[in-house]
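Undergrad: Structure file work_11.cif, mmCIF, C-alpha atoms, is pasted below:
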data_run
#
loop_
_atom_site.label_atom_id
_atom_site.label_comp_id
_atom_site.auth_asym_id
_atom_site.auth_seq_id
_atom_site.Cartn_x
_atom_site.Cartn_y
_atom_site.Cartn_z
CA MET R 1 21.01 -2.12 -64.39
CA PHE R 2 20.07 -2.03 -60.64
CA VAL R 3 18.56 -5.19 -59.10
CA GLN R 4 17.13 -5.23 -55.56
CA GLU R 5 19.22 -7.27 -53.16
CA GLU R 6 16.18 -9.06 -51.68
CA LYS R 7 15.32 -10.42 -55.12
CA ILE R 8 18.79 -11.86 -55.60
CA PHE R 9 18.83 -13.64 -52.23
CA ALA R 10 15.14 -14.50 -52.09
CA GLY R 11 14.38 -18.02 -50.88
CA LYS R 12 12.18 -20.69 -52.37
CA MET R 13 8.67 -19.56 -53.26
CA LEU R 14 5.83 -21.33 -51.37
CA LYS R 15 2.09 -21.27 -51.87
CA ILE R 16 0.32 -21.17 -48.49
CA HIS R 17 -3.43 -21.83 -48.15
CA ILE R 18 -5.03 -19.26 -45.80
CA CYS R 19 -8.44 -19.75 -44.13
CA THR R 20 -10.48 -17.48 -41.83
CA MET R 21 -13.18 -18.22 -39.29
CA ASP R 22 -15.96 -17.02 -41.62
CA GLY R 23 -14.89 -19.48 -44.36
CA THR R 24 -12.86 -17.13 -46.60
CA GLU R 25 -9.98 -18.91 -48.36
CA TRP R 26 -7.14 -17.83 -50.67
CA LEU R 27 -3.51 -18.57 -51.55
CA GLU R 28 -0.55 -16.46 -50.47
CA GLU R 29 2.79 -16.77 -52.24
CA VAL R 30 5.72 -16.20 -49.88
CA THR R 31 9.42 -16.95 -49.77
CA GLU R 32 11.04 -19.07 -47.06
CA ASP R 33 12.73 -16.01 -45.50
CA THR R 34 9.45 -14.13 -45.06
CA THR R 35 8.62 -13.50 -41.40
CA VAL R 36 5.36 -14.72 -39.93
CA GLU R 37 4.50 -11.14 -38.98
CA LYS R 38 4.91 -10.00 -42.61
CA LEU R 39 2.79 -12.91 -43.84
CA LYS R 40 0.10 -12.07 -41.28
CA GLU R 41 0.10 -8.44 -42.42
CA ARG R 42 -0.39 -9.50 -46.03
CA CYS R 43 -3.22 -11.81 -45.03
CA LEU R 44 -4.98 -9.07 -43.08
CA LYS R 45 -4.66 -6.62 -45.99
CA HIS R 46 -6.21 -9.20 -48.29
CA TYR R 47 -8.94 -9.96 -45.74
CA VAL R 48 -9.97 -6.34 -45.10
CA HIS R 49 -9.38 -5.36 -48.76
CA GLY R 50 -6.95 -2.54 -48.27
CA SER R 51 -4.70 -0.88 -45.74
CA LEU R 52 -4.91 -1.53 -42.00
CA GLU R 53 -6.40 1.55 -40.36
CA ASP R 54 -5.82 0.35 -36.82
CA PRO R 55 -2.20 -0.75 -36.25
CA LYS R 56 -3.38 -2.89 -33.31
CA THR R 57 -5.25 -5.13 -35.72
CA LEU R 58 -1.98 -6.90 -36.52
CA THR R 59 -1.28 -7.75 -32.86
CA HIS R 60 -4.87 -8.84 -32.27
CA HIS R 61 -4.62 -11.69 -34.80
CA LYS R 62 -2.58 -14.89 -34.99
CA LEU R 63 -1.71 -17.55 -37.53
CA ILE R 64 -2.17 -21.22 -36.62
CA HIS R 65 -0.72 -24.19 -38.51
CA ALA R 66 -3.80 -26.33 -39.12
CA ALA R 67 -2.10 -29.74 -39.27
CA THR R 68 -0.19 -29.37 -35.98
CA GLU R 69 -2.49 -26.84 -34.24
CA ARG R 70 0.62 -24.76 -33.58
CA VAL R 71 0.52 -20.96 -33.09
CA LEU R 72 3.21 -19.40 -35.30
CA THR R 73 5.67 -16.95 -33.75
CA ASP R 74 5.68 -13.49 -35.37
CA THR R 75 9.46 -13.05 -35.21
CA LYS R 76 10.28 -16.37 -36.91
CA THR R 77 10.51 -16.94 -40.65
CA VAL R 78 8.51 -19.34 -42.76
CA ALA R 79 11.55 -21.64 -42.90
CA ASP R 80 11.99 -21.46 -39.10
CA GLU R 81 8.41 -22.58 -38.62
CA ASN R 82 9.05 -25.46 -41.05
CA LEU R 83 6.16 -24.52 -43.34
CA LYS R 84 5.82 -26.50 -46.57
CA ASP R 85 4.22 -25.78 -49.91
CA LYS R 86 0.39 -25.98 -49.80
CA ASP R 87 0.30 -25.97 -45.98
CA VAL R 88 -2.93 -24.63 -44.48
CA LEU R 89 -2.86 -21.72 -42.01
CA LEU R 90 -5.78 -20.33 -40.00
CA LEU R 91 -6.08 -16.56 -39.51
CA ILE R 92 -7.84 -16.08 -36.17
CA LYS R 93 -8.55 -13.10 -33.99
CA LYS R 94 -7.02 -13.44 -30.53
CA ARG R 95 -9.34 -13.78 -27.56
CA PRO R 96 -9.36 -10.49 -25.63
CA PRO R 97 -7.91 -10.67 -22.11
CA PRO R 98 -10.44 -10.68 -19.27
CA THR R 99 -11.32 -7.26 -17.97
CA PRO R 100 -9.90 -6.61 -14.51
CA PRO R 101 -12.51 -6.55 -11.74
CA LYS R 102 -13.61 -3.23 -10.35
CA MET R 103 -12.38 -2.18 -6.92
CA ALA R 104 -15.87 -2.58 -5.48
CA GLU R 105 -16.03 -6.19 -6.71
CA VAL R 106 -12.57 -6.95 -5.30
CA SER R 107 -13.56 -5.60 -1.90
CA SER R 108 -16.74 -7.67 -1.94
CA ASP R 109 -14.85 -10.88 -2.79
CA GLU R 110 -12.27 -10.25 -0.09
CA LYS R 111 -15.03 -9.66 2.43
CA LYS R 112 -16.66 -13.00 1.51
CA LYS R 113 -13.33 -14.79 1.92
CA GLN R 114 -12.83 -13.23 5.34
CA ASP R 115 -16.35 -14.23 6.40
CA ASN R 116 -15.78 -17.85 5.31
CA LYS R 117 -12.28 -18.10 6.80
CA ALA R 118 -11.80 -20.69 9.55
CA PRO R 119 -11.07 -19.26 13.01
CA ASP R 120 -7.48 -19.24 14.17
CA LYS R 121 -6.20 -20.50 17.51
CA ASP R 122 -6.58 -17.12 19.28
CA ALA R 123 -10.19 -16.80 18.10
CA ILE R 124 -10.98 -20.32 19.34
CA LEU R 125 -9.41 -19.66 22.76
CA LYS R 126 -11.31 -16.38 23.07
CA ALA R 127 -14.62 -17.99 22.15
CA THR R 128 -14.16 -20.94 24.54
CA ALA R 129 -12.62 -19.05 27.47
CA SER R 130 -15.83 -19.23 29.51
CA LEU R 131 -16.27 -23.01 29.06
CA SER R 132 -15.30 -25.43 31.81
CA THR R 133 -12.19 -27.58 31.25
CA ARG R 134 -12.76 -31.27 30.52
CA HIS R 135 -10.61 -34.28 29.53
CA THR R 136 -7.37 -32.53 30.44
CA ASP R 137 -5.55 -35.87 30.74
CA ARG R 138 -6.09 -36.69 27.05
CA THR R 139 -2.46 -37.74 26.52
CA VAL R 140 -2.63 -40.34 29.28
CA ALA R 141 -5.95 -41.65 27.96
CA GLN R 142 -4.52 -42.14 24.48
CA HIS R 143 -1.41 -43.77 25.88
CA ASN R 144 -3.51 -46.33 27.74
CA ILE R 145 -5.16 -47.51 24.51
CA ARG R 146 -2.80 -50.42 23.98
CA ASP R 147 -2.03 -52.17 20.75
CA PHE R 148 -3.09 -55.83 20.74
CA GLN R 149 -0.03 -57.09 18.85
CA THR R 150 2.29 -55.33 21.31
CA GLU R 151 0.50 -56.72 24.34
CA LEU R 152 0.01 -60.18 22.82
CA ARG R 153 3.68 -61.02 23.15
CA LYS R 154 3.66 -60.19 26.86
CA ILE R 155 0.49 -62.23 27.32
CA LEU R 156 2.04 -65.22 25.52
CA VAL R 157 5.21 -65.09 27.64
CA SER R 158 3.16 -65.27 30.85
CA LEU R 159 0.74 -67.90 29.51
CA ILE R 160 3.65 -70.13 28.46
CA GLU R 161 4.89 -70.16 32.06
CA VAL R 162 1.40 -71.05 33.32
CA ALA R 163 0.94 -73.77 30.67
CA GLN R 164 4.29 -75.38 31.48
CA LYS R 165 3.43 -75.54 35.18
CA LEU R 166 -0.02 -77.01 34.51
CA LEU R 167 1.25 -79.59 32.05
CA ALA R 168 4.10 -80.60 34.35
CA LEU R 169 1.51 -81.66 36.95
CA ASN R 170 0.01 -84.17 34.52
CA PRO R 171 1.39 -87.67 35.25
CA ASP R 172 1.41 -88.37 31.51
CA ALA R 173 3.18 -85.09 30.70
CA VAL R 174 6.31 -86.72 29.26
CA GLU R 175 4.35 -88.92 26.87
CA LEU R 176 2.08 -86.01 25.93
CA PHE R 177 5.02 -83.84 25.04
CA LYS R 178 6.76 -86.59 23.12
CA LYS R 179 3.62 -86.91 20.99
CA ALA R 180 3.30 -83.14 20.72
CA ASN R 181 6.92 -82.86 19.67
CA ALA R 182 6.40 -85.48 16.97
CA MET R 183 3.19 -83.74 15.92
CA LEU R 184 5.16 -80.51 15.66
CA ASP R 185 7.61 -82.16 13.27
CA GLU R 186 4.71 -83.49 11.22
CA ASP R 187 3.02 -80.09 11.15
CA GLU R 188 6.19 -78.38 9.97
CA GLU R 189 6.54 -80.94 7.20
CA ASP R 190 2.92 -81.12 6.02
CA ARG R 191 1.22 -77.83 6.93
CA VAL R 192 0.89 -75.30 4.11
CA ASP R 193 -1.13 -72.10 4.11
CA GLU R 194 -3.64 -72.69 1.31
CA THR R 195 -4.28 -68.96 0.74
CA ALA R 196 -0.56 -68.23 0.42
CA LEU R 197 -0.12 -71.21 -1.90
CA GLN R 198 -2.97 -70.01 -4.13
CA GLN R 199 -1.43 -66.54 -4.41
CA LEU R 200 1.88 -67.98 -5.60
CA THR R 201 0.33 -70.44 -8.06
CA GLU R 202 -1.80 -67.65 -9.52
CA MET R 203 1.44 -65.78 -10.21
CA GLY R 204 2.52 -68.70 -12.39
CA PHE R 205 4.86 -70.56 -10.02
CA PRO R 206 4.61 -74.39 -10.01
CA GLU R 207 2.77 -75.73 -6.96
CA SER R 208 5.66 -77.93 -5.77
CA ARG R 209 8.10 -75.02 -5.87
CA ALA R 210 5.59 -72.73 -4.17
CA ILE R 211 5.12 -75.22 -1.33
CA LYS R 212 8.87 -75.54 -0.86
CA ALA R 213 9.33 -71.76 -0.86
CA LEU R 214 6.55 -71.26 1.70
CA ARG R 215 8.01 -73.87 4.05
CA LEU R 216 11.45 -72.32 3.82
CA ASN R 217 10.09 -68.82 4.49
CA HIS R 218 7.61 -69.45 7.34
CA MET R 219 4.57 -69.17 5.02
CA SER R 220 5.44 -65.57 4.10
CA VAL R 221 4.20 -64.93 0.54
CA THR R 222 6.57 -62.01 -0.06
CA GLN R 223 9.69 -63.84 1.10
CA ALA R 224 8.64 -67.02 -0.71
CA MET R 225 8.15 -65.08 -3.96
CA GLU R 226 11.61 -63.52 -3.62
CA TRP R 227 13.11 -66.97 -2.98
CA LEU R 228 11.40 -68.39 -6.09
CA ILE R 229 12.69 -65.54 -8.26
CA GLU R 230 16.23 -65.91 -6.90
CA HIS R 231 16.30 -69.69 -7.48
CA VAL R 232 14.50 -69.79 -10.84
CA ASP R 233 17.71 -71.01 -12.54
CA ASP R 234 18.89 -73.15 -9.62
CA PRO R 235 19.13 -76.81 -10.80
CA SER R 236 18.21 -78.01 -7.30
CA VAL R 237 15.12 -75.81 -6.98
CA ASP R 238 12.80 -78.81 -7.40
CA SER R 239 14.67 -81.14 -5.07
CA PRO R 240 12.63 -82.04 -1.95
CA LEU R 241 13.48 -80.58 1.42
CA PRO R 242 15.53 -82.82 3.71
CA GLY R 243 13.42 -84.64 6.31
CA GLN R 244 13.22 -83.37 9.83
CA ASP R 245 15.40 -85.18 12.31
CA SER R 246 12.87 -86.84 14.50
CA SER R 247 15.44 -88.55 16.68
CA GLY R 248 15.17 -85.69 19.15
CA ALA R 249 11.54 -86.40 19.84
CA ALA R 250 12.02 -90.12 20.19
CA GLY R 251 15.46 -89.98 21.73
CA ALA R 252 14.29 -88.85 25.12
CA THR R 253 15.21 -91.62 27.51
CA ALA R 254 12.58 -92.95 29.82
CA ALA R 255 12.89 -92.22 33.49
CA PRO R 256 15.14 -94.78 35.22
CA THR R 257 13.25 -97.46 37.06
CA PRO R 258 14.18 -97.60 40.73
CA GLY R 259 15.60 -100.84 42.02
CA PRO R 260 13.40 -103.19 44.00
CA SER R 261 15.40 -102.47 47.13
CA ALA R 262 14.66 -98.73 47.07
CA SER R 263 12.02 -97.38 49.39
CA ALA R 264 8.67 -96.18 48.04
CA SER R 265 9.40 -92.51 48.86
CA ALA R 266 12.86 -92.63 47.26
CA SER R 267 11.36 -94.28 44.20
CA SER R 268 8.68 -91.59 43.92
CA SER R 269 11.25 -88.82 44.35
CA THR R 270 13.52 -90.33 41.71
CA ASP R 271 10.62 -90.71 39.25
CA GLU R 272 9.54 -87.12 39.81
CA SER R 273 13.08 -85.79 39.34
CA SER R 274 13.63 -87.80 36.17
CA ARG R 275 10.26 -86.76 34.80
CA GLN R 276 11.03 -83.09 35.42
CA ASP R 277 14.46 -83.43 33.79
CA GLU R 278 12.92 -85.12 30.78
CA LEU R 279 10.24 -82.43 30.48
CA THR R 280 12.95 -79.77 30.66
CA GLU R 281 14.85 -81.42 27.82
CA ILE R 282 11.71 -81.65 25.69
CA PHE R 283 10.93 -77.97 26.35
CA LYS R 284 14.46 -77.08 25.26
CA ARG R 285 14.12 -79.10 22.03
CA ILE R 286 10.80 -77.42 21.25
CA ARG R 287 12.27 -73.99 21.85
CA ARG R 288 15.30 -74.75 19.67
CA LYS R 289 12.96 -75.67 16.82
CA ARG R 290 11.03 -72.42 17.32
CA GLU R 291 13.99 -70.10 17.77
CA PHE R 292 13.91 -66.92 15.72
CA ARG R 293 15.29 -67.19 12.18
CA PRO R 294 16.09 -63.79 10.65
CA ASP R 295 15.45 -63.04 6.99
CA SER R 296 18.85 -63.52 5.33
CA ARG R 297 18.18 -60.86 2.67
CA ALA R 298 17.25 -58.30 5.32
CA VAL R 299 20.37 -59.18 7.36
CA ILE R 300 22.64 -58.62 4.36
CA ALA R 301 20.89 -55.38 3.38
CA LEU R 302 21.10 -53.90 6.89
CA MET R 303 24.70 -55.01 7.42
CA GLU R 304 25.65 -53.27 4.17
CA MET R 305 24.44 -50.06 5.82
CA GLY R 306 27.18 -50.49 8.45
CA PHE R 307 25.30 -52.17 11.31
CA ASP R 308 26.77 -55.14 13.21
CA GLU R 309 25.24 -58.57 12.62
CA LYS R 310 24.09 -58.99 16.24
CA GLU R 311 22.24 -55.67 16.36
CA VAL R 312 20.72 -56.37 12.94
CA ILE R 313 19.33 -59.71 14.17
CA ASP R 314 18.03 -58.00 17.32
CA ALA R 315 16.31 -55.36 15.19
CA LEU R 316 14.67 -57.97 12.94
CA ARG R 317 13.54 -60.00 15.97
CA VAL R 318 11.97 -56.96 17.62
CA ASN R 319 10.24 -55.96 14.37
CA ASN R 320 9.07 -59.40 13.18
CA ASN R 321 11.54 -59.63 10.26
CA GLN R 322 10.28 -56.36 8.72
CA GLN R 323 13.36 -54.75 7.14
CA ASP R 324 12.07 -51.16 6.99
CA ALA R 325 10.84 -51.22 10.58
CA ALA R 326 14.13 -52.80 11.70
CA CYS R 327 16.06 -50.02 9.97
CA GLU R 328 13.99 -47.36 11.74
CA TRP R 329 14.57 -49.19 15.05
CA LEU R 330 18.34 -49.21 14.47
CA LEU R 331 18.36 -45.50 13.62
CA GLY R 332 16.01 -44.56 16.46
CA ASP R 333 15.98 -45.04 20.23
CA ARG R 334 15.86 -48.86 19.85
CA LYS R 335 12.74 -49.31 21.94
CA PRO R 336 11.53 -51.84 22.84
CA SER R 337 14.81 -53.60 23.51
CA PRO R 338 15.34 -57.32 22.75
CA GLU R 339 15.29 -57.96 26.50
CA ASP R 340 11.80 -56.43 26.71
CA LEU R 341 10.51 -59.16 24.40
CA ASP R 342 11.00 -61.79 27.11
CA LYS R 343 9.08 -59.84 29.74
CA GLY R 344 5.59 -61.06 30.48
CA ILE R 345 2.47 -59.18 31.48
CA ASP R 346 1.78 -58.32 35.13
CA THR R 347 0.19 -61.50 36.45
CA ASN R 348 -1.89 -59.46 38.92
CA SER R 349 -3.33 -57.20 36.22
CA PRO R 350 -7.11 -57.36 35.52
CA LEU R 351 -6.37 -58.37 31.93
CA PHE R 352 -4.29 -61.42 32.82
CA GLN R 353 -6.69 -62.47 35.59
CA ALA R 354 -9.64 -62.23 33.18
CA ILE R 355 -7.78 -64.40 30.65
CA LEU R 356 -6.96 -67.06 33.24
CA GLU R 357 -10.57 -67.12 34.48
CA ASN R 358 -11.93 -67.87 31.01
CA PRO R 359 -13.01 -71.57 30.77
CA VAL R 360 -11.91 -71.92 27.13
CA VAL R 361 -8.43 -70.63 27.99
CA GLN R 362 -8.23 -72.84 31.08
CA LEU R 363 -9.02 -75.93 29.03
CA GLY R 364 -6.62 -74.88 26.27
CA LEU R 365 -3.72 -74.46 28.68
CA THR R 366 -3.88 -78.18 29.48
CA ASN R 367 -3.35 -79.03 25.78
CA PRO R 368 0.34 -79.39 24.79
CA LYS R 369 -0.50 -78.11 21.31
CA THR R 370 -1.55 -74.76 22.81
CA LEU R 371 1.87 -74.41 24.42
CA LEU R 372 3.53 -75.22 21.10
CA ALA R 373 1.34 -72.61 19.40
CA PHE R 374 2.31 -69.97 21.98
CA GLU R 375 6.00 -70.79 21.53
CA ASP R 376 5.67 -70.58 17.76
CA MET R 377 3.82 -67.24 17.75
CA LEU R 378 6.31 -65.83 20.20
CA GLU R 379 9.25 -66.28 17.83
CA ASN R 380 7.44 -66.25 14.47
CA PRO R 381 4.46 -63.84 14.64
CA LEU R 382 3.76 -64.40 10.93
CA ASN R 383 2.45 -67.87 11.87
CA SER R 384 -0.30 -66.43 14.10
CA THR R 385 -2.91 -66.72 11.34
CA GLN R 386 -2.33 -70.47 11.02
CA TRP R 387 -2.83 -71.02 14.76
CA MET R 388 -5.92 -68.79 14.76
CA ASN R 389 -7.45 -71.11 12.13
CA ASP R 390 -6.46 -74.28 13.99
CA PRO R 391 -9.52 -76.03 15.53
CA GLU R 392 -7.68 -76.69 18.82
CA THR R 393 -5.76 -73.44 19.37
CA GLY R 394 -8.04 -71.05 17.45
CA PRO R 395 -10.77 -70.79 20.15
CA VAL R 396 -8.15 -69.98 22.81
CA MET R 397 -6.65 -67.17 20.71
CA LEU R 398 -10.12 -65.83 19.94
CA GLN R 399 -11.02 -65.61 23.62
CA ILE R 400 -7.74 -63.84 24.44
CA SER R 401 -8.41 -61.30 21.70
CA ARG R 402 -12.00 -60.69 22.82
CA ILE R 403 -11.02 -60.23 26.48
CA PHE R 404 -8.26 -57.80 25.50
CA GLN R 405 -10.58 -55.73 23.27
CA THR R 406 -13.31 -55.62 25.93
CA LEU R 407 -11.01 -54.46 28.74
CA ASN R 408 -9.15 -52.08 26.43
CA ARG R 409 -12.39 -50.26 25.55
CA THR R 410 -13.39 -49.93 29.20
#
How would this structure read if it were set down as structure tokens?
TA:
Amino acid sequence: MFVQEEKIFAGKMLKIHICTMDGTEWLEEVTEDTTVEKLKERCLKHYVHGSLEDPKTLTHHKLIHAATERVLTDTKTVADENLKDKDVLLLIKKRPPPTPPKMAEVSSDEKKKQDNKAPDKDAILKATASLSTRHTDRTVAQHNIRDFQTELRKILVSLIEVAQKLLALNPDAVELFKKANAMLDEDEEDRVDETALQQLTEMGFPESRAIKALRLNHMSVTQAMEWLIEHVDDPSVDSPLPGQDSSGAAGATAAPTPGPSASASASSSTDESSRQDELTEIFKRIRRKREFRPDSRAVIALMEMGFDEKEVIDALRVNNNQQDAACEWLLGDRKPSPEDLDKGIDTNSPLFQAILENPVVQLGLTNPKTLLAFEDMLENPLNSTQWMNDPETGPVMLQISRIFQTLNRT
């Protein structure tokens, strides 16, 4: 007795639920090795009640797995498509492809695109050839629009020299600077940027730790946050900062008193010399306190790239402790140089003369705190905001900014 081979090796029989768009439903029994194309053919024969007159009808339809919204591939088998018993398939006619546009329509669209196309450089030059030339020195004009932060450093360098000369003429200069130096120590110990502190406490850091982190990182929120994260498991994280050594401020010796036998002129000369020496020492102490302190993390990161420590510190000083900018400076032409940072503005320039003629600035230059503020901003630009909000130094900085902006626009 002859038995067909496909019957012997036939797979498991499945009952598949078929649905059409017009609501017709029926069951198709298929084996697991039946191809999707064969199943689709059987469904179409059932749907049209007979043979398929147009052979393209088969290619114009598709089967979709209802549960997964997956289009079944004609060449795969039922098993390959992972169909299960009583799965639901949708028999849908494929959407016909869009008809290609006629040549006349294509030409019309291309013409519209050409009409709406922006003119190229040659067309612009041709259309403007008869116009008179204006503003040819545009590059120079743009170059003269100076950046305030870049110029501010030069202004501060020159104003510091003026302030030192003015304050040195004051007979009480030594005592003023001793008090200012002590006030500087007090400010460093007590002053905290309230906005920066609020940002850190809102992140969940304890207030005492946040204050300590801000003082250690010159009130920089980003650096303070990194410090807090690094020292979260440090047992000494809550220990208070060591007190500032105030002996420097109080340790300045008074000018030697001339003996009774000395002449009046010699006595005056000796007093003046001692006073100048003492002022010089106080200036040095102030500058040592305000010397630039590079970000240790940035130093390590840049040195790991192969740069020397000295050039890394120079790069961070030039770029206000900004690691990315310092890296670009190291890889670029290294302008401005560290030496350029100590150069002041031209004292004969209209900008500097206008600043010196301002009454608010004139009065501020006689205040030792203004000099301290200038020194601080010179080496730690991130502290500028604090001095701008200070009732004594803020008005001076505001006037400098206004004068610069006014002259820069003109």
Undergrad: Point out the residue among R:Glu28, R:Glu202, R:Val157, R:Leu407 with the least atom-to-atom distance to R:Ala373, counting all atoms listed in the file.
TA: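 So, comparing all the options, the nearest one is R:Val157.
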Undergrad: Taking into account only C-alpha atoms, which residue in the set R:Leu371, R:Lys94, R:Ala354, R:Met377 is nearest to R:Arg402?
TA: R:Ala354
Undergrad: Report as a list in words all protein, DNA and RNA residues lying within 10 Å of R:Gln323, evaluated on all atoms listed in the file, omitting residues in the same chain fewer than 4 positions from it.
TA: Asp295, Arg297, Ala298, Val299, Ala301, Leu302, Val312, Ala315, Leu316, Asn319, Cys327, Glu328 and Trp329 of chain R
Undergrad: Write out the residues from the selection above, keeping C-alpha atoms, as a JSON list (two decimals), in the frame of the given file.
TA:
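To be explicit, this is the file written out as out_0.json:
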[["chain", "number", "residue", "atom", "x", "y", "z"],
["R", 295, "ASP", "CA", 15.45, -63.04, 6.99],
["R", 297, "ARG", "CA", 18.18, -60.86, 2.67],
["R", 298, "ALA", "CA", 17.25, -58.30, 5.32],
["R", 299, "VAL", "CA", 20.37, -59.18, 7.36],
["R", 301, "ALA", "CA", 20.89, -55.38, 3.38],
["R", 302, "LEU", "CA", 21.10, -53.90, 6.89],
["R", 312, "VAL", "CA", 20.72, -56.37, 12.94],
["R", 315, "ALA", "CA", 16.31, -55.36, 15.19],
["R", 316, "LEU", "CA", 14.67, -57.97, 12.94],
["R", 319, "ASN", "CA", 10.24, -55.96, 14.37],
["R", 327, "CYS", "CA", 16.06, -50.02, 9.97],
["R", 328, "GLU", "CA", 13.99, -47.36, 11.74],
["R", 329, "TRP", "CA", 14.57, -49.19, 15.05]]
Undergrad: Quote the spacing between atom CA of R:Gly364 and atom CA of R:Leu378 in Å to one decimal place.
TA: 16.9 Å
Undergrad: Carefully work through the PyMOL selection byres ((chain R and resi 369) around 8) for this structure and note down the residues it includes, as a ChimeraX atom specification.
TA: /R:180,367-368,370-373,392-393
Undergrad: Counting all atoms listed in the file, what is within 12 Å of stretch 81-90 of chain R, bar same-chain residues fewer than 3 positions away, as a PDB file with C-alpha atoms, keeping the file's coordinate frame?
TA:
ATOM      1  CA  LYS R  12      12.180 -20.690 -52.370  1.00  0.00           C
ATOM      2  CA  MET R  13       8.670 -19.560 -53.260  1.00  0.00           C
ATOM      3  CA  LEU R  14       5.830 -21.330 -51.370  1.00  0.00           C
ATOM      4  CA  LYS R  15       2.090 -21.270 -51.870  1.00  0.00           C
ATOM      5  CA  ILE R  16       0.320 -21.170 -48.490  1.00  0.00           C
ATOM      6  CA  HIS R  17      -3.430 -21.830 -48.150  1.00  0.00           C
ATOM      7  CA  ILE R  18      -5.030 -19.260 -45.800  1.00  0.00           C
ATOM      8  CA  CYS R  19      -8.440 -19.750 -44.130  1.00  0.00           C
ATOM      9  CA  THR R  20     -10.480 -17.480 -41.830  1.00  0.00           C
ATOM     10  CA  MET R  21     -13.180 -18.220 -39.290  1.00  0.00           C
ATOM     11  CA  ASP R  22     -15.960 -17.020 -41.620  1.00  0.00           C
ATOM     12  CA  GLY R  23     -14.890 -19.480 -44.360  1.00  0.00           C
ATOM     13  CA  THR R  24     -12.860 -17.130 -46.600  1.00  0.00           C
ATOM     14  CA  GLU R  25      -9.980 -18.910 -48.360  1.00  0.00           C
ATOM     15  CA  TRP R  26      -7.140 -17.830 -50.670  1.00  0.00           C
ATOM     16  CA  LEU R  27      -3.510 -18.570 -51.550  1.00  0.00           C
ATOM     17  CA  GLU R  28      -0.550 -16.460 -50.470  1.00  0.00           C
ATOM     18  CA  GLU R  29       2.790 -16.770 -52.240  1.00  0.00           C
ATOM     19  CA  VAL R  30       5.720 -16.200 -49.880  1.00  0.00           C
ATOM     20  CA  THR R  31       9.420 -16.950 -49.770  1.00  0.00           C
ATOM     21  CA  GLU R  32      11.040 -19.070 -47.060  1.00  0.00           C
ATOM     22  CA  ASP R  33      12.730 -16.010 -45.500  1.00  0.00           C
ATOM     23  CA  THR R  34       9.450 -14.130 -45.060  1.00  0.00           C
ATOM     24  CA  THR R  35       8.620 -13.500 -41.400  1.00  0.00           C
ATOM     25  CA  VAL R  36       5.360 -14.720 -39.930  1.00  0.00           C
ATOM     26  CA  LEU R  39       2.790 -12.910 -43.840  1.00  0.00           C
ATOM     27  CA  LYS R  40       0.100 -12.070 -41.280  1.00  0.00           C
ATOM     28  CA  CYS R  43      -3.220 -11.810 -45.030  1.00  0.00           C
ATOM     29  CA  LEU R  44      -4.980  -9.070 -43.080  1.00  0.00           C
ATOM     30  CA  HIS R  61      -4.620 -11.690 -34.800  1.00  0.00           C
ATOM     31  CA  LYS R  62      -2.580 -14.890 -34.990  1.00  0.00           C
ATOM     32  CA  LEU R  63      -1.710 -17.550 -37.530  1.00  0.00           C
ATOM     33  CA  ILE R  64      -2.170 -21.220 -36.620  1.00  0.00           C
ATOM     34  CA  HIS R  65      -0.720 -24.190 -38.510  1.00  0.00           C
ATOM     35  CA  ALA R  66      -3.800 -26.330 -39.120  1.00  0.00           C
ATOM     36  CA  ALA R  67      -2.100 -29.740 -39.270  1.00  0.00           C
ATOM     37  CA  THR R  68      -0.190 -29.370 -35.980  1.00  0.00           C
ATOM     38  CA  GLU R  69      -2.490 -26.840 -34.240  1.00  0.00           C
ATOM     39  CA  ARG R  70       0.620 -24.760 -33.580  1.00  0.00           C
ATOM     40  CA  VAL R  71       0.520 -20.960 -33.090  1.00  0.00           C
ATOM     41  CA  LEU R  72       3.210 -19.400 -35.300  1.00  0.00           C
ATOM     42  CA  THR R  73       5.670 -16.950 -33.750  1.00  0.00           C
ATOM     43  CA  ASP R  74       5.680 -13.490 -35.370  1.00  0.00           C
ATOM     44  CA  THR R  75       9.460 -13.050 -35.210  1.00  0.00           C
ATOM     45  CA  LYS R  76      10.280 -16.370 -36.910  1.00  0.00           C
ATOM     46  CA  THR R  77      10.510 -16.940 -40.650  1.00  0.00           C
ATOM     47  CA  VAL R  78       8.510 -19.340 -42.760  1.00  0.00           C
ATOM     48  CA  LYS R  93      -8.550 -13.100 -33.990  1.00  0.00           C
ATOM     49  CA  LYS R  94      -7.020 -13.440 -30.530  1.00  0.00           C
TER      50      LYS R  94
END
Undergrad: Tell me which protein, DNA and RNA residues are within 12 Å of R:Gln198, counting only C-alpha atoms, leaving out same-chain ones fewer than 4 positions away, and put them as a compact mmCIF listing (two decimals) with C-alpha atoms, keeping the file's coordinate frame.
TA:
# COMPACT_ATOMS: atom_id res chain seq x y z
CA VAL R 192 0.89 -75.30 4.11
CA ASP R 193 -1.13 -72.10 4.11
CA GLU R 194 -3.64 -72.69 1.31
CA GLU R 202 -1.80 -67.65 -9.52
CA MET R 203 1.44 -65.78 -10.21
CA GLY R 204 2.52 -68.70 -12.39
CA PHE R 205 4.86 -70.56 -10.02
CA PRO R 206 4.61 -74.39 -10.01
CA GLU R 207 2.77 -75.73 -6.96
CA SER R 208 5.66 -77.93 -5.77
CA ALA R 210 5.59 -72.73 -4.17
CA ILE R 211 5.12 -75.22 -1.33
CA LEU R 214 6.55 -71.26 1.70
CA MET R 219 4.57 -69.17 5.02
CA VAL R 221 4.20 -64.93 0.54
Undergrad: Return as an MDAnalysis selection string the set of residues that the PyMOL selection byres ((chain R and resi 163) around 12) yields on the displayed structure.
TA: chainID R and resid 156:162 164:170 173 283 356 361:375
